[in-house]
Structure formats: structure tokens, C-alpha cells
Amino acid sequence: MTRVAVYGTGSWGTTFAMVLADAGCDVTLWARRPGIVEAVNTTRTNPDYLPGIRLPATVRATTDPALAARGAEFTVLSVPSQTLRANLAAWAPLLPADTVLVSLMKGIELGTAKRMSEVIEEVAGVPPERVAVLSGPNLAPEVAERQPAASVVACRDETVAQRLQAACHTPYFRPYTNTDVVGCELGGAVKNVIALAVGIADGMGLGDNTKASLITRGLAETTRLGLAMGADAKTFAGLAGMGDLVATCSSPLSRNNTFGTNLGRGMSLEETIAVTRQTAEGVKSCRSVLDLARRHHVEMPLTETVVGIVHEGTQPQVAVKELMSRTAKAEHR
């Protein structure tokens, strides 16, 4: 039986642990809070993040990171992206020498503008062939209910991607493989920024034409950045690109969409943060995505607009007017 360690017991970390167990893996969840560990081990639930969902018996929890790591063929990381570096620095010495590190995170690190796989390689001192990412239209509450869903597992080493694919393939969760790690990560990170924009538009009372335009032009921005960084354009037409973008921008289950909606309704950043239970990755990552775009000399006006609204105090109505008054141009240049 494949041993897997999952670090992080938020909604997606816990859900993916369930998927792995349903696929036949023996899973140990690491949790920071003893209360979650007790709940998982005694009631088979995580009431804080997945109320009402019963976890398989092959999912156990611990607060001991060394115990979680023991014998793990795969080490899954599911913590807020801006905390990855500090957390992994503490965990890395405990990990098995041959474990594959799997990122569930969809963000870009502030300051360095590094993708999560790059942070993992740097902090854990592992080659790219031992780092994989999982990305796609995977809203945790729906997957936790075992509704049909698909995703992408990407690794530079295709055989590693295939091993991970087998480890998480269930009757309701269908993973596809890809070797384009850059494209899969950018699709997952930038879609959170675009979901904020769509949510803001929704909160302002704007309609489906506006939201469809934001989604489509958001995909164009993501693709431009991806191509500048060596990604494959086909990735952005797939599950880790368009698929994830549509799900995150259109569902009320999306944290980033909901966060943007509250901003569009007139709530301040501080008020919106106060009513948001879980991390909306796009709130911080929008700044690092814009930083990444500028480093690669890529124009990303929607991302700039989101940064202006979220972090610079630009009123949504003003931002929309400025965005719509930009110089007209050809669609595909």
C-alpha cells in the first residue's frame, strides 16, 4: 500500500487525503491543531473544514511532522502559499530521501515571485524530477462529496506524474498527466486573480457579458505570461487552465470569487478579510503575479486592476472606467 503524508488539514488538503485513501493509499495528515487531529482519529471527520464528510479509515492524523513523514512515497503540501517556505524549512529534514513532493498550492511567493515548485526545490534541496503539482477545477466541497471531477498531475519526469496519477485515481476523481509544470502552476495562480476580478464585477451588479469578458481576457493574460516563461499554450486550454479558471470564476464555493464579490459590494479589504474563514490566495498573490509579469515584460491589465482595487484603494467603478478606456487593439497580438 502506497504511504502518503499530507501536510495541511484545510478543506483541500483534507479532501485530497480522502481521494488518496479512496484510491487505496495509506494516508497520514499533519495538523497544527490537536483538536483537528482528535476529530479525524476519533470521529473520522474534520468539522472545521469539511463538516458532514466522513473520512476513510486509512486516513489518520497527527501533530508530529516526523511521524507523518515516516515512509511516505509522496509528501503532499497543502498550506497557504505564503507560509510554504517557513513550514517546509522545518519539515524538510524529516522527509524520506526519495519522497516525491506534491504541491496543491496555487500561488506565487511574494518578494521572490517564485512558483511553489521552485520554492520546494530550493528549500528541500530536491531536483525538479522529484516535485509534482496538482491543479484543475477542484472545488473541495464538491470533490469531498465524491462528485465527478478531473485534474492534472504535472511533473517534469513523466513516470513520476504517472505514479502520482495512479495514487489518486478513483471512480470520481480522474487525473491526467502533464510535464508542463510551469503552465499548470501559472494557470492555478493567475485564475485566483481573475476570480477576484469576476467577483468584484458580480458585487457591482455587472452582468454575464462583463464576467465572460473578464474570464476570456484573463485567460489571454495567463497565456501571455506562460508563453514568456516557456509554458505550453495547450496547457491553458486544458483542465489546469480554462477548466480551473471557469470553476473558480463561476462558483460561490470559490473563496477568491466570494472575496471579490464582497469588495465589489463596497466592503473594505479589512472588512472582507474579517469575514473570510479560509485563505483567498489571489489577495496576496495578485501582487506577486504582477511582479512576475513585469520581470518578464508581459502586459497584464486585469491583474494590475485587481492590485489597484485590493491593495491601492482604487474604487471599483473608477478601475472599470480606466480598464475600458484603454487603447483599442487586435485580439490576438
# chains A, B, ... in the order shown; residues from 1 in each chain; ligands from 1

call {"tool": "residues_around", "arguments": {"residues": "stretch 66-82 of chain A", "least_positions_apart": "4", "cutoff": "8 Å", "atoms": "only C-alpha atoms", "output": "PDB file with C-alpha atoms, in the first residue's frame"}}
result
ATOM      1  CA  THR A   2       1.364   3.416  -1.000  1.00  0.00           C
ATOM      2  CA  ARG A   3       2.178   5.615   2.002  1.00  0.00           C
ATOM      3  CA  VAL A   4       1.353   9.313   1.653  1.00  0.00           C
ATOM      4  CA  ALA A   5       1.879  12.235   4.027  1.00  0.00           C
ATOM      5  CA  VAL A   6      -0.385  15.268   3.668  1.00  0.00           C
ATOM      6  CA  TYR A   7       0.742  18.434   5.411  1.00  0.00           C
ATOM      7  CA  GLY A   8      -2.234  20.729   5.921  1.00  0.00           C
ATOM      8  CA  THR A   9      -5.783  19.970   7.031  1.00  0.00           C
ATOM      9  CA  GLY A  10      -7.708  22.751   5.345  1.00  0.00           C
ATOM     10  CA  TRP A  12      -8.477  20.862   0.056  1.00  0.00           C
ATOM     11  CA  GLY A  13      -5.714  19.094   2.000  1.00  0.00           C
ATOM     12  CA  THR A  28      -1.267  10.430   7.405  1.00  0.00           C
ATOM     13  CA  LEU A  29      -2.487  14.005   7.801  1.00  0.00           C
ATOM     14  CA  TRP A  30      -0.341  16.516   9.644  1.00  0.00           C
ATOM     15  CA  ALA A  61      -3.890  12.454  11.702  1.00  0.00           C
ATOM     16  CA  THR A  62      -1.003  13.637  13.870  1.00  0.00           C
ATOM     17  CA  TRP A  91       9.756  19.713   7.661  1.00  0.00           C
ATOM     18  CA  LEU A  94      12.259  14.887   8.372  1.00  0.00           C
ATOM     19  CA  LEU A  95      11.247  13.741   4.890  1.00  0.00           C
ATOM     20  CA  PRO A  96      12.323  10.423   3.334  1.00  0.00           C
ATOM     21  CA  ASP A  98      13.272   9.562  -2.078  1.00  0.00           C
ATOM     22  CA  THR A  99       9.822  11.040  -1.401  1.00  0.00           C
ATOM     23  CA  VAL A 100       8.093  12.954  -4.200  1.00  0.00           C
ATOM     24  CA  LEU A 101       6.918  16.377  -3.017  1.00  0.00           C
ATOM     25  CA  VAL A 102       3.478  17.305  -4.355  1.00  0.00           C
ATOM     26  CA  SER A 103       2.169  20.869  -4.338  1.00  0.00           C
ATOM     27  CA  LEU A 104      -1.565  21.527  -4.026  1.00  0.00           C
ATOM     28  CA  MET A 105      -0.921  25.261  -3.615  1.00  0.00           C
ATOM     29  CA  LYS A 106      -1.942  27.883  -6.160  1.00  0.00           C
ATOM     30  CA  GLY A 107       0.075  30.991  -5.511  1.00  0.00           C
ATOM     31  CA  ILE A 108       3.249  32.927  -6.322  1.00  0.00           C
ATOM     32  CA  GLU A 109       5.611  33.805  -3.478  1.00  0.00           C
ATOM     33  CA  LEU A 110       5.736  37.463  -2.506  1.00  0.00           C
ATOM     34  CA  MET A 116       5.575  26.895  -5.444  1.00  0.00           C
ATOM     35  CA  LEU A 164       1.009  10.084  -8.766  1.00  0.00           C
ATOM     36  CA  THR A 279      -7.178  31.856   2.654  1.00  0.00           C
ATOM     37  CA  GLU A 281      -4.747  33.054  -2.369  1.00  0.00           C
TER      38      GLU A 281
END

call {"tool": "residues_around", "arguments": {"residues": "stretch 176-186 of chain A", "least_positions_apart": "6", "cutoff": "9 Å", "atoms": "only C-alpha atoms", "output": "NGL selection string"}}
result
:A and (105-108 or 115-117 or 132-136 or 150-158 or 161-162 or 164-165 or 222-223 or 225-227 or 229-236 or 239-241 or 289)

call {"tool": "residues_around", "arguments": {"residues": "stretch 204-207 of chain A", "least_positions_apart": "2", "cutoff": "10 Å", "atoms": "only C-alpha atoms", "output": "MDAnalysis selection string"}}
result
chainID A and resid 198:202 209:212 260:266 316:317

call {"tool": "select_by_dssp", "arguments": {"residues": "stretch 30-69 of chain A", "states": "alpha helix (DSSP H)", "output": "list of chain:residue names"}}
result
A:Pro34, A:Gly35, A:Ile36, A:Val37, A:Glu38, A:Ala39, A:Val40, A:Asn41, A:Thr42, A:Thr43, A:Pro65, A:Ala66, A:Leu67, A:Ala68, A:Ala69

call {"tool": "write_last_selection", "arguments": {"atoms": "N, CA, C and O atoms", "output": "PDB file, in the first residue's frame"}}
result
ATOM      1  N   PRO A  34      -4.277  20.260  17.748  1.00  0.00           N
ATOM      2  CA  PRO A  34      -4.630  18.952  18.307  1.00  0.00           C
ATOM      3  C   PRO A  34      -6.109  18.622  18.173  1.00  0.00           C
ATOM      4  O   PRO A  34      -6.479  17.448  18.047  1.00  0.00           O
ATOM      5  N   GLY A  35      -6.968  19.624  18.207  1.00  0.00           N
ATOM      6  CA  GLY A  35      -8.403  19.363  18.117  1.00  0.00           C
ATOM      7  C   GLY A  35      -8.792  18.719  16.799  1.00  0.00           C
ATOM      8  O   GLY A  35      -9.666  17.835  16.764  1.00  0.00           O
ATOM      9  N   ILE A  36      -8.154  19.144  15.709  1.00  0.00           N
ATOM     10  CA  ILE A  36      -8.442  18.534  14.412  1.00  0.00           C
ATOM     11  C   ILE A  36      -7.940  17.094  14.376  1.00  0.00           C
ATOM     12  O   ILE A  36      -8.618  16.193  13.873  1.00  0.00           O
ATOM     13  N   VAL A  37      -6.755  16.870  14.941  1.00  0.00           N
ATOM     14  CA  VAL A  37      -6.202  15.505  14.992  1.00  0.00           C
ATOM     15  C   VAL A  37      -7.153  14.581  15.740  1.00  0.00           C
ATOM     16  O   VAL A  37      -7.452  13.469  15.278  1.00  0.00           O
ATOM     17  N   GLU A  38      -7.633  15.022  16.873  1.00  0.00           N
ATOM     18  CA  GLU A  38      -8.548  14.193  17.666  1.00  0.00           C
ATOM     19  C   GLU A  38      -9.828  13.900  16.899  1.00  0.00           C
ATOM     20  O   GLU A  38     -10.335  12.766  16.903  1.00  0.00           O
ATOM     21  N   ALA A  39     -10.368  14.926  16.222  1.00  0.00           N
ATOM     22  CA  ALA A  39     -11.606  14.730  15.469  1.00  0.00           C
ATOM     23  C   ALA A  39     -11.410  13.725  14.340  1.00  0.00           C
ATOM     24  O   ALA A  39     -12.240  12.824  14.137  1.00  0.00           O
ATOM     25  N   VAL A  40     -10.322  13.856  13.595  1.00  0.00           N
ATOM     26  CA  VAL A  40     -10.069  12.928  12.487  1.00  0.00           C
ATOM     27  C   VAL A  40      -9.908  11.503  13.005  1.00  0.00           C
ATOM     28  O   VAL A  40     -10.482  10.553  12.448  1.00  0.00           O
ATOM     29  N   ASN A  41      -9.175  11.341  14.075  1.00  0.00           N
ATOM     30  CA  ASN A  41      -8.874   9.993  14.571  1.00  0.00           C
ATOM     31  C   ASN A  41     -10.017   9.336  15.328  1.00  0.00           C
ATOM     32  O   ASN A  41     -10.091   8.108  15.394  1.00  0.00           O
ATOM     33  N   THR A  42     -10.894  10.122  15.900  1.00  0.00           N
ATOM     34  CA  THR A  42     -11.973   9.535  16.710  1.00  0.00           C
ATOM     35  C   THR A  42     -13.333   9.543  16.021  1.00  0.00           C
ATOM     36  O   THR A  42     -14.125   8.618  16.205  1.00  0.00           O
ATOM     37  N   THR A  43     -13.603  10.583  15.234  1.00  0.00           N
ATOM     38  CA  THR A  43     -14.919  10.684  14.577  1.00  0.00           C
ATOM     39  C   THR A  43     -14.835  10.545  13.066  1.00  0.00           C
ATOM     40  O   THR A  43     -15.864  10.560  12.386  1.00  0.00           O
ATOM     41  N   PRO A  65       5.172  16.156  12.802  1.00  0.00           N
ATOM     42  CA  PRO A  65       5.544  16.140  11.385  1.00  0.00           C
ATOM     43  C   PRO A  65       6.469  14.983  11.022  1.00  0.00           C
ATOM     44  O   PRO A  65       6.435  14.490   9.893  1.00  0.00           O
ATOM     45  N   ALA A  66       7.293  14.531  11.964  1.00  0.00           N
ATOM     46  CA  ALA A  66       8.182  13.402  11.695  1.00  0.00           C
ATOM     47  C   ALA A  66       7.387  12.111  11.538  1.00  0.00           C
ATOM     48  O   ALA A  66       7.692  11.280  10.668  1.00  0.00           O
ATOM     49  N   LEU A  67       6.378  11.924  12.365  1.00  0.00           N
ATOM     50  CA  LEU A  67       5.533  10.732  12.261  1.00  0.00           C
ATOM     51  C   LEU A  67       4.778  10.727  10.942  1.00  0.00           C
ATOM     52  O   LEU A  67       4.650   9.682  10.284  1.00  0.00           O
ATOM     53  N   ALA A  68       4.291  11.886  10.529  1.00  0.00           N
ATOM     54  CA  ALA A  68       3.581  11.970   9.255  1.00  0.00           C
ATOM     55  C   ALA A  68       4.491  11.603   8.094  1.00  0.00           C
ATOM     56  O   ALA A  68       4.071  10.939   7.135  1.00  0.00           O
ATOM     57  N   ALA A  69       5.758  11.997   8.179  1.00  0.00           N
ATOM     58  CA  ALA A  69       6.693  11.788   7.071  1.00  0.00           C
ATOM     59  C   ALA A  69       7.161  10.348   6.927  1.00  0.00           C
ATOM     60  O   ALA A  69       7.590   9.934   5.850  1.00  0.00           O
TER      61      ALA A  69
END

call {"tool": "closest_residue", "arguments": {"among": "A:Asn256, A:Leu88, A:Ala330, A:Glu304", "to": "A:Leu292", "atoms": "only C-alpha atoms"}}
result
A:Glu304
